[in-house]
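Structure file final31.txt (compact mmCIF, C-alpha atoms) is printed below.
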# COMPACT_ATOMS: atom_id res chain seq x y z
CA ASN A 1 57.73 -3.74 -139.69
CA ALA A 2 60.21 -4.09 -136.81
CA GLY A 3 63.17 -5.47 -138.84
CA VAL A 4 66.13 -6.31 -136.60
CA THR A 5 65.63 -5.54 -132.91
CA GLN A 6 68.47 -5.47 -130.40
CA THR A 7 68.19 -5.23 -126.64
CA PRO A 8 69.40 -3.65 -124.46
CA LYS A 9 70.49 -0.35 -126.05
CA PHE A 10 73.06 0.36 -123.36
CA ARG A 11 74.69 -1.71 -120.64
CA ILE A 12 77.50 -1.28 -118.14
CA LEU A 13 79.14 -4.45 -116.83
CA LYS A 14 81.78 -5.05 -114.22
CA ILE A 15 84.79 -7.17 -115.11
CA GLY A 16 83.93 -10.86 -114.82
CA GLN A 17 80.17 -10.44 -115.11
CA SER A 18 78.22 -12.16 -117.84
CA MET A 19 75.35 -11.05 -120.03
CA THR A 20 73.38 -11.90 -123.13
CA LEU A 21 72.77 -9.45 -125.94
CA GLN A 22 69.47 -10.19 -127.59
CA CYS A 23 68.77 -9.99 -131.32
CA THR A 24 65.56 -10.89 -133.09
CA GLN A 25 64.36 -10.38 -136.65
CA ASP A 26 60.88 -10.68 -138.09
CA MET A 27 61.78 -11.00 -141.77
CA ASN A 28 62.31 -14.79 -141.81
CA HIS A 29 65.94 -14.30 -142.84
CA ASN A 30 68.20 -17.33 -142.77
CA TYR A 31 71.47 -15.45 -142.33
CA MET A 32 72.30 -13.62 -139.12
CA TYR A 33 75.46 -11.89 -137.93
CA TRP A 34 77.06 -10.30 -134.90
CA TYR A 35 79.60 -7.52 -135.37
CA ARG A 36 81.45 -5.27 -132.96
CA GLN A 37 82.57 -1.75 -133.74
CA ASP A 38 85.23 -0.09 -131.64
CA PRO A 39 85.39 3.74 -131.61
CA GLY A 40 86.49 5.11 -134.96
CA MET A 41 86.94 1.63 -136.37
CA GLY A 42 85.18 -0.61 -138.86
CA LEU A 43 83.09 -3.67 -138.15
CA LYS A 44 84.57 -6.93 -136.96
CA LEU A 45 82.60 -10.15 -137.43
CA ILE A 46 82.19 -12.11 -134.19
CA TYR A 47 79.89 -14.97 -135.18
CA TYR A 48 77.45 -15.72 -137.94
CA SER A 49 74.70 -18.21 -138.71
CA VAL A 50 73.44 -19.51 -142.04
CA GLY A 51 70.28 -21.00 -140.56
CA ALA A 52 68.66 -22.32 -137.42
CA GLY A 53 70.94 -24.75 -135.62
CA ILE A 54 74.07 -23.64 -137.51
CA THR A 55 76.65 -21.15 -136.22
CA ASP A 56 80.22 -20.39 -137.17
CA LYS A 57 83.11 -18.24 -135.97
CA GLY A 58 83.96 -14.93 -137.52
CA GLU A 59 87.11 -12.84 -137.18
CA VAL A 60 87.01 -12.20 -133.42
CA PRO A 61 85.03 -14.97 -131.64
CA ASN A 62 87.11 -15.31 -128.46
CA GLY A 63 85.17 -14.45 -125.31
CA TYR A 64 81.77 -14.84 -126.97
CA ASN A 65 79.24 -17.58 -127.62
CA VAL A 66 76.10 -17.74 -129.73
CA SER A 67 73.17 -20.03 -130.36
CA ARG A 68 70.53 -20.17 -133.08
CA SER A 69 67.67 -22.33 -131.91
CA THR A 70 65.08 -20.47 -134.01
CA THR A 71 65.17 -18.55 -137.28
CA GLU A 72 64.16 -15.33 -135.51
CA ASP A 73 66.62 -15.17 -132.60
CA PHE A 74 70.40 -15.00 -132.46
CA PRO A 75 71.59 -14.12 -128.92
CA LEU A 76 75.23 -13.28 -128.17
CA ARG A 77 76.62 -14.38 -124.80
CA LEU A 78 79.56 -12.82 -122.95
CA GLU A 79 80.64 -15.17 -120.16
CA LEU A 80 83.42 -13.27 -118.38
CA ALA A 81 83.33 -9.64 -119.40
CA ALA A 82 86.67 -7.91 -119.97
CA PRO A 83 87.47 -4.23 -120.65
CA SER A 84 88.55 -5.23 -124.17
CA GLN A 85 84.91 -6.09 -124.88
CA THR A 86 83.84 -2.49 -124.48
CA SER A 87 82.34 -1.74 -127.86
CA VAL A 88 79.16 -1.22 -129.83
CA TYR A 89 77.60 -4.49 -130.94
CA PHE A 90 75.49 -4.77 -134.07
CA CYS A 91 73.26 -7.62 -135.12
CA ALA A 92 72.33 -8.01 -138.78
CA SER A 93 70.31 -10.36 -140.97
CA GLY A 94 70.07 -11.19 -144.67
CA GLN A 95 67.63 -13.14 -146.78
CA THR A 96 70.15 -14.88 -149.06
CA LEU A 97 73.92 -14.89 -149.53
CA ASP A 98 73.53 -12.25 -152.25
CA SER A 99 71.14 -9.98 -150.33
CA PRO A 100 72.00 -6.77 -148.49
CA LEU A 101 72.08 -6.92 -144.70
CA HIS A 102 69.56 -5.31 -142.38
CA PHE A 103 71.14 -3.96 -139.22
CA GLY A 104 69.82 -3.34 -135.74
CA ASN A 105 70.51 -0.06 -133.95
CA GLY A 106 73.23 -1.53 -131.79
CA THR A 107 74.00 -2.22 -128.14
CA ARG A 108 76.58 0.04 -126.49
CA LEU A 109 78.46 -2.03 -123.91
CA THR A 110 80.96 -0.69 -121.39
CA VAL A 111 83.00 -3.04 -119.20
CA THR A 112 84.68 -1.40 -116.20
CA GLY B 1 86.61 -15.30 -148.83
CA ASN B 2 85.51 -12.07 -150.45
CA SER B 3 87.17 -8.90 -149.22
CA VAL B 4 87.35 -5.18 -149.89
CA THR B 5 89.85 -2.33 -149.70
CA GLN B 6 88.58 1.20 -149.20
CA MET B 7 90.38 4.48 -149.28
CA GLU B 8 91.35 5.67 -145.85
CA GLY B 9 89.61 8.60 -144.30
CA PRO B 10 88.64 10.94 -143.07
CA VAL B 11 87.61 12.65 -146.27
CA THR B 12 86.85 16.30 -145.63
CA LEU B 13 84.95 18.31 -148.24
CA SER B 14 83.14 21.59 -148.49
CA GLU B 15 79.44 21.59 -149.23
CA GLU B 16 78.63 21.15 -152.96
CA ALA B 17 82.00 19.54 -153.67
CA PHE B 18 82.34 16.36 -155.76
CA LEU B 19 82.83 13.14 -153.83
CA THR B 20 84.66 9.96 -154.77
CA ILE B 21 85.32 7.16 -152.30
CA ASN B 22 87.39 4.38 -153.83
CA CYS B 23 86.59 0.73 -153.27
CA THR B 24 88.26 -2.32 -154.79
CA TYR B 25 87.19 -5.85 -154.05
CA THR B 26 88.47 -9.40 -154.20
CA ALA B 27 85.83 -12.02 -154.81
CA THR B 28 85.10 -15.48 -156.07
CA GLY B 29 82.78 -15.14 -159.02
CA TYR B 30 80.70 -12.00 -159.42
CA PRO B 31 78.80 -11.34 -156.22
CA SER B 32 76.49 -8.42 -155.65
CA LEU B 33 78.23 -5.29 -154.40
CA PHE B 34 76.89 -2.93 -151.76
CA TRP B 35 77.53 0.47 -150.26
CA TYR B 36 76.25 1.00 -146.74
CA VAL B 37 76.10 4.26 -144.80
CA GLN B 38 76.31 4.72 -141.04
CA TYR B 39 75.09 8.01 -139.60
CA PRO B 40 76.32 9.00 -136.13
CA GLY B 41 74.84 6.85 -133.38
CA GLU B 42 73.05 4.51 -135.78
CA GLY B 43 73.49 1.11 -137.38
CA LEU B 44 74.46 0.61 -141.00
CA GLN B 45 71.85 0.96 -143.68
CA LEU B 46 71.97 0.05 -147.34
CA LEU B 47 72.78 3.02 -149.57
CA LEU B 48 72.91 1.34 -152.96
CA LYS B 49 73.70 -1.94 -154.66
CA ALA B 50 74.67 -3.48 -157.99
CA THR B 51 74.01 -7.11 -158.77
CA LYS B 52 76.08 -7.71 -161.91
CA ALA B 53 78.95 -6.32 -163.95
CA ASP B 54 78.35 -2.86 -165.50
CA ASP B 55 75.29 -2.31 -163.31
CA LYS B 56 75.03 1.16 -161.82
CA GLY B 57 73.49 1.47 -158.39
CA SER B 58 72.10 4.84 -157.35
CA ASN B 59 70.28 6.42 -154.43
CA LYS B 60 70.01 9.90 -152.86
CA GLY B 61 72.32 11.34 -155.54
CA PHE B 62 75.03 8.73 -154.92
CA GLU B 63 76.15 6.39 -157.69
CA ALA B 64 78.50 3.44 -158.06
CA THR B 65 79.23 1.25 -161.08
CA TYR B 66 80.21 -2.43 -160.86
CA ARG B 67 83.49 -2.62 -162.79
CA LYS B 68 84.49 -6.22 -163.36
CA GLU B 69 87.67 -5.30 -165.30
CA THR B 70 89.13 -3.22 -162.48
CA THR B 71 87.30 -5.04 -159.62
CA SER B 72 86.12 -1.65 -158.38
CA PHE B 73 82.90 -0.12 -157.07
CA HIS B 74 83.75 3.52 -156.41
CA LEU B 75 81.12 5.72 -154.77
CA GLU B 76 80.46 9.15 -156.29
CA LYS B 77 78.22 12.12 -155.65
CA GLY B 78 78.20 15.29 -157.66
CA SER B 79 77.40 17.74 -154.86
CA VAL B 80 77.67 16.72 -151.21
CA GLN B 81 75.67 18.21 -148.36
CA VAL B 82 76.45 18.55 -144.67
CA SER B 83 73.82 15.86 -144.06
CA ASP B 84 75.96 13.38 -146.03
CA SER B 85 78.53 13.37 -143.22
CA ALA B 86 78.73 9.73 -142.18
CA VAL B 87 80.84 6.58 -142.43
CA TYR B 88 80.58 4.68 -145.71
CA PHE B 89 81.25 0.97 -146.08
CA CYS B 90 81.77 -0.96 -149.30
CA ALA B 91 81.12 -4.71 -149.17
CA PRO B 92 80.81 -7.59 -151.63
CA ALA B 93 78.27 -10.27 -150.81
CA SER B 94 79.80 -13.40 -149.35
CA ASN B 95 79.63 -16.77 -151.09
CA THR B 96 79.97 -18.61 -147.76
CA GLY B 97 78.02 -16.46 -145.29
CA LYS B 98 81.17 -15.13 -143.66
CA LEU B 99 80.64 -11.47 -144.55
CA ILE B 100 83.65 -9.30 -143.68
CA PHE B 101 83.52 -5.51 -143.79
CA GLY B 102 86.41 -3.15 -144.35
CA GLN B 103 87.29 -0.27 -142.08
CA GLY B 104 84.89 2.18 -143.71
CA THR B 105 85.58 5.72 -144.87
CA THR B 106 84.53 8.70 -142.78
CA LEU B 107 83.16 11.65 -144.75
CA GLN B 108 83.00 15.09 -143.15
CA VAL B 109 81.23 17.82 -145.09
CA LYS B 110 81.75 21.39 -143.91
CA PRO B 111 79.30 24.19 -144.65

In structure tokens, how does this file's structure come out?
Amino acid sequence: NAGVTQTPKFRILKIGQSMTLQCTQDMNHNYMYWYRQDPGMGLKLIYYSVGAGITDKGEVPNGYNVSRSTTEDFPLRLELAAPSQTSVYFCASGQTLDSPLHFGNGTRLTVT
Amino acid sequence: GNSVTQMEGPVTLSEEAFLTINCTYTATGYPSLFWYVQYPGEGLQLLLKATKADDKGSNKGFEATYRKETTSFHLEKGSVQVSDSAVYFCAPASNTGKLIFGQGTTLQVKP
């Protein structure tokens, strides 16, 4: 059982570059989330999705985009990387609104 | 939306000490309540949950009781170990999908 899989595990970007963080889940969960965690800090919600074709902004959406064309995949796109986007990014999924979340192992991104 | 307030850390304890991490929540209705744990270098994982008022969730020696009257879900453990050193997050389920976490509480257990 793979659960929530994130790729890549690590990435270094130069300022202005773009990249896509991949997230896929094999549990047929409707709800998917992207969070960022800065060093020593809690989680901040970037975007979330309540089902295929539906996405919505979280607390800190600026500089990011998402899509949800399938139930399984929820990629996060950074168009013009900035040093402020240096963080660890976590993808998560949940079966229902009242279910616990399953988290991936994170992507550590450095923008220099 | 639903939200949570946790006690600030870090909490530093000696091995075998008693642990309490306070959590109070604000919610519409009575959502399920969760404690997650994040070990160094890893993602969050579910530690325990309670789905209705007066429920007690428990796992790995940790316990938390869903208190509707005080809107609290405090995490307790009778005797902590060095291996319990981690960041702990309290979170109510969301009724909209917009699930916001608090800042978490760092626990450091010294031998």

Per residue of chain A within 9 Å of chain B, what are the shortest atom pair and its distance in Å to one decimal, counting only C-alpha atoms, with rows by chain and residue number, as a Markdown table?
| residue | atom | partner | partner_atom | distance |
| --- | --- | --- | --- | --- |
| A:Tyr31 | CA | B:Gly97 | CA | 7.3 |
| A:Met32 | CA | B:Gly97 | CA | 8.9 |
| A:Tyr33 | CA | B:Leu99 | CA | 8.4 |
| A:Gly40 | CA | B:Thr106 | CA | 8.8 |
| A:Met41 | CA | B:Gln103 | CA | 6.0 |
| A:Gly42 | CA | B:Gln103 | CA | 3.9 |
| A:Leu43 | CA | B:Phe101 | CA | 5.9 |
| A:Lys44 | CA | B:Phe101 | CA | 7.1 |
| A:Leu45 | CA | B:Ile100 | CA | 6.4 |
| A:Tyr47 | CA | B:Lys98 | CA | 8.6 |
| A:Tyr48 | CA | B:Lys98 | CA | 6.8 |
| A:Ser49 | CA | B:Gly97 | CA | 7.6 |
| A:Val50 | CA | B:Gly97 | CA | 6.4 |
| A:Asp56 | CA | B:Lys98 | CA | 8.4 |
| A:Lys57 | CA | B:Lys98 | CA | 8.5 |
| A:Gly58 | CA | B:Lys98 | CA | 6.7 |
| A:Glu59 | CA | B:Ile100 | CA | 8.2 |
| A:Phe90 | CA | B:Gly43 | CA | 7.0 |
| A:Thr96 | CA | B:Gly97 | CA | 8.9 |
| A:Leu97 | CA | B:Ser94 | CA | 6.1 |
| A:Asp98 | CA | B:Ala93 | CA | 5.3 |
| A:Ser99 | CA | B:Ala93 | CA | 7.2 |
| A:Pro100 | CA | B:Leu46 | CA | 6.9 |
| A:Leu101 | CA | B:Leu46 | CA | 7.5 |
| A:His102 | CA | B:Gln45 | CA | 6.8 |
| A:Phe103 | CA | B:Gly43 | CA | 5.9 |
| A:Gly104 | CA | B:Gly43 | CA | 6.0 |
| A:Asn105 | CA | B:Gly43 | CA | 4.7 |
| A:Gly106 | CA | B:Gly43 | CA | 6.2 |

Point-to-point distance from atom CA of B:Lys56 to atom CA of A:Asn28, Å rounded to tenths: 28.6 Å

Polymer residues at most 8 Å from (77.1, -20.0, -128.1) by all atoms listed in the file, as a list in words: Tyr64, Asn65, Val66, Ser67, Leu76 and Arg77 of chain A

Contacts of stretch 19-26 of chain A within 7 Å, all atoms listed in the file, excl. fewer than 3 positions in-chain, as a ChimeraX atom specification: /A:2-8,72-79,91

Residue among A:Met27, A:Ala82, A:Ala52, A:Ile46 lying closest to A:Thr110, counting only C-alpha atoms: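 The shortest atom-to-atom distance to A:Thr110 comes from A:Ala82.
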
Skipping near chain neighbours, those fewer than 3 positions away, what residues fall within 7 Å of stretch 68-72 of chain B using only C-alpha atoms, listed as a PDB file with C-alpha atoms, in the frame of the given file?
ATOM      1  CA  CYS B  23      86.590   0.730-153.270  1.00  0.00           C
ATOM      2  CA  THR B  24      88.260  -2.320-154.790  1.00  0.00           C
ATOM      3  CA  TYR B  25      87.190  -5.850-154.050  1.00  0.00           C
ATOM      4  CA  ALA B  53      78.950  -6.320-163.950  1.00  0.00           C
TER       5      ALA B  53
END

Expected residue set, 12 Å radius at (83.1, 7.9, -156.1), all atoms listed in the file, as a PyMOL selection string: chain B and resi 6-7+11+17-24+35+56-58+61-66+72-80+88+90+105+107

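Interatomic distance, atom CA of A:Asn30 against atom CA of A:Gln95: 5.8 Å.
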
Exercise: stretch 83-86 of chain B partners within 9 Å, all atoms listed in the file, chain neighbours under 5 positions left out, as an NGL selection string: :B and (37-40 or 105-110)

I need the chosen residues saved as a JSON list (two decimals), keeping the file's coordinate frame, with C-alpha atoms.
[["chain", "number", "residue", "atom", "x", "y", "z"],
["B", 37, "VAL", "CA", 76.10, 4.26, -144.80],
["B", 38, "GLN", "CA", 76.31, 4.72, -141.04],
["B", 39, "TYR", "CA", 75.09, 8.01, -139.60],
["B", 40, "PRO", "CA", 76.32, 9.00, -136.13],
["B", 105, "THR", "CA", 85.58, 5.72, -144.87],
["B", 106, "THR", "CA", 84.53, 8.70, -142.78],
["B", 107, "LEU", "CA", 83.16, 11.65, -144.75],
["B", 108, "GLN", "CA", 83.00, 15.09, -143.15],
["B", 109, "VAL", "CA", 81.23, 17.82, -145.09],
["B", 110, "LYS", "CA", 81.75, 21.39, -143.91]]

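Between atom CA of B:Thr26 and atom CA of A:Ile54 there is a distance of 26.2 Å.
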
Where atoms are lacking, stretch 82-93 of chain B completed to all heavy atoms, as an mmCIF file, in the frame of the given file:
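The resulting file, result_29.cif, is reproduced below:
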data_model
loop_
_atom_site.group_PDB
_atom_site.id
_atom_site.type_symbol
_atom_site.label_atom_id
_atom_site.label_comp_id
_atom_site.auth_asym_id
_atom_site.auth_seq_id
_atom_site.Cartn_x
_atom_site.Cartn_y
_atom_site.Cartn_z
ATOM 1 N N VAL B 82 76.020 18.797 -146.062
ATOM 2 C CA VAL B 82 76.450 18.550 -144.670
ATOM 3 C C VAL B 82 75.789 17.278 -144.139
ATOM 4 O O VAL B 82 76.416 16.499 -143.405
ATOM 5 C CB VAL B 82 76.108 19.757 -143.781
ATOM 6 C CG1 VAL B 82 76.365 19.431 -142.317
ATOM 7 C CG2 VAL B 82 76.926 20.975 -144.202
ATOM 8 N N SER B 83 74.559 17.039 -144.543
ATOM 9 C CA SER B 83 73.820 15.860 -144.060
ATOM 10 C C SER B 83 74.388 14.538 -144.594
ATOM 11 O O SER B 83 73.982 13.467 -144.123
ATOM 12 C CB SER B 83 72.353 15.971 -144.453
ATOM 13 O OG SER B 83 72.234 16.114 -145.860
ATOM 14 N N ASP B 84 75.310 14.593 -145.535
ATOM 15 C CA ASP B 84 75.960 13.380 -146.030
ATOM 16 C C ASP B 84 77.119 12.933 -145.136
ATOM 17 O O ASP B 84 77.714 11.877 -145.379
ATOM 18 C CB ASP B 84 76.492 13.590 -147.454
ATOM 19 C CG ASP B 84 75.386 13.793 -148.469
ATOM 20 O OD1 ASP B 84 74.303 13.192 -148.295
ATOM 21 O OD2 ASP B 84 75.589 14.576 -149.417
ATOM 22 N N SER B 85 77.451 13.728 -144.150
ATOM 23 C CA SER B 85 78.530 13.370 -143.220
ATOM 24 C C SER B 85 78.170 12.069 -142.515
ATOM 25 O O SER B 85 77.128 11.970 -141.843
ATOM 26 C CB SER B 85 78.743 14.480 -142.187
ATOM 27 O OG SER B 85 79.141 15.671 -142.820
ATOM 28 N N ALA B 86 79.015 11.068 -142.679
ATOM 29 C CA ALA B 86 78.730 9.730 -142.180
ATOM 30 C C ALA B 86 79.943 8.853 -142.458
ATOM 31 O O ALA B 86 80.939 9.309 -143.014
ATOM 32 C CB ALA B 86 77.490 9.149 -142.872
ATOM 33 N N VAL B 87 79.827 7.574 -142.074
ATOM 34 C CA VAL B 87 80.840 6.580 -142.430
ATOM 35 C C VAL B 87 80.259 5.692 -143.518
ATOM 36 O O VAL B 87 79.115 5.230 -143.403
ATOM 37 C CB VAL B 87 81.266 5.732 -141.211
ATOM 38 C CG1 VAL B 87 82.382 4.775 -141.603
ATOM 39 C CG2 VAL B 87 81.702 6.625 -140.061
ATOM 40 N N TYR B 88 81.043 5.454 -144.564
ATOM 41 C CA TYR B 88 80.580 4.680 -145.710
ATOM 42 C C TYR B 88 81.378 3.385 -145.818
ATOM 43 O O TYR B 88 82.610 3.382 -145.715
ATOM 44 C CB TYR B 88 80.746 5.517 -146.994
ATOM 45 C CG TYR B 88 79.811 6.700 -147.018
ATOM 46 C CD1 TYR B 88 80.137 7.876 -146.333
ATOM 47 C CD2 TYR B 88 78.594 6.642 -147.673
ATOM 48 C CE1 TYR B 88 79.266 8.956 -146.309
ATOM 49 C CE2 TYR B 88 77.717 7.715 -147.663
ATOM 50 C CZ TYR B 88 78.060 8.865 -146.980
ATOM 51 O OH TYR B 88 77.186 9.933 -146.957
ATOM 52 N N PHE B 89 80.643 2.293 -145.999
ATOM 53 C CA PHE B 89 81.250 0.970 -146.080
ATOM 54 C C PHE B 89 80.906 0.332 -147.421
ATOM 55 O O PHE B 89 79.734 0.268 -147.811
ATOM 56 C CB PHE B 89 80.705 0.050 -144.980
ATOM 57 C CG PHE B 89 81.101 0.426 -143.585
ATOM 58 C CD1 PHE B 89 80.328 1.311 -142.843
ATOM 59 C CD2 PHE B 89 82.236 -0.115 -143.004
ATOM 60 C CE1 PHE B 89 80.684 1.659 -141.549
ATOM 61 C CE2 PHE B 89 82.601 0.219 -141.704
ATOM 62 C CZ PHE B 89 81.827 1.108 -140.983
ATOM 63 N N CYS B 90 81.946 -0.177 -148.077
ATOM 64 C CA CYS B 90 81.770 -0.960 -149.300
ATOM 65 C C CYS B 90 81.877 -2.432 -148.906
ATOM 66 O O CYS B 90 82.702 -2.791 -148.055
ATOM 67 C CB CYS B 90 82.892 -0.587 -150.272
ATOM 68 S SG CYS B 90 82.923 -1.512 -151.802
ATOM 69 N N ALA B 91 81.053 -3.294 -149.518
ATOM 70 C CA ALA B 91 81.120 -4.710 -149.170
ATOM 71 C C ALA B 91 80.596 -5.562 -150.317
ATOM 72 O O ALA B 91 79.498 -5.295 -150.830
ATOM 73 C CB ALA B 91 80.298 -4.996 -147.916
ATOM 74 N N PRO B 92 81.362 -6.598 -150.716
ATOM 75 C CA PRO B 92 80.810 -7.590 -151.630
ATOM 76 C C PRO B 92 80.011 -8.612 -150.840
ATOM 77 O O PRO B 92 80.333 -8.886 -149.676
ATOM 78 C CB PRO B 92 82.055 -8.233 -152.245
ATOM 79 C CG PRO B 92 83.096 -8.096 -151.189
ATOM 80 C CD PRO B 92 82.770 -6.876 -150.395
ATOM 81 N N ALA B 93 78.983 -9.167 -151.444
ATOM 82 C CA ALA B 93 78.270 -10.270 -150.810
ATOM 83 C C ALA B 93 79.235 -11.423 -150.609
ATOM 84 O O ALA B 93 80.233 -11.550 -151.318
ATOM 85 C CB ALA B 93 77.083 -10.691 -151.664
#
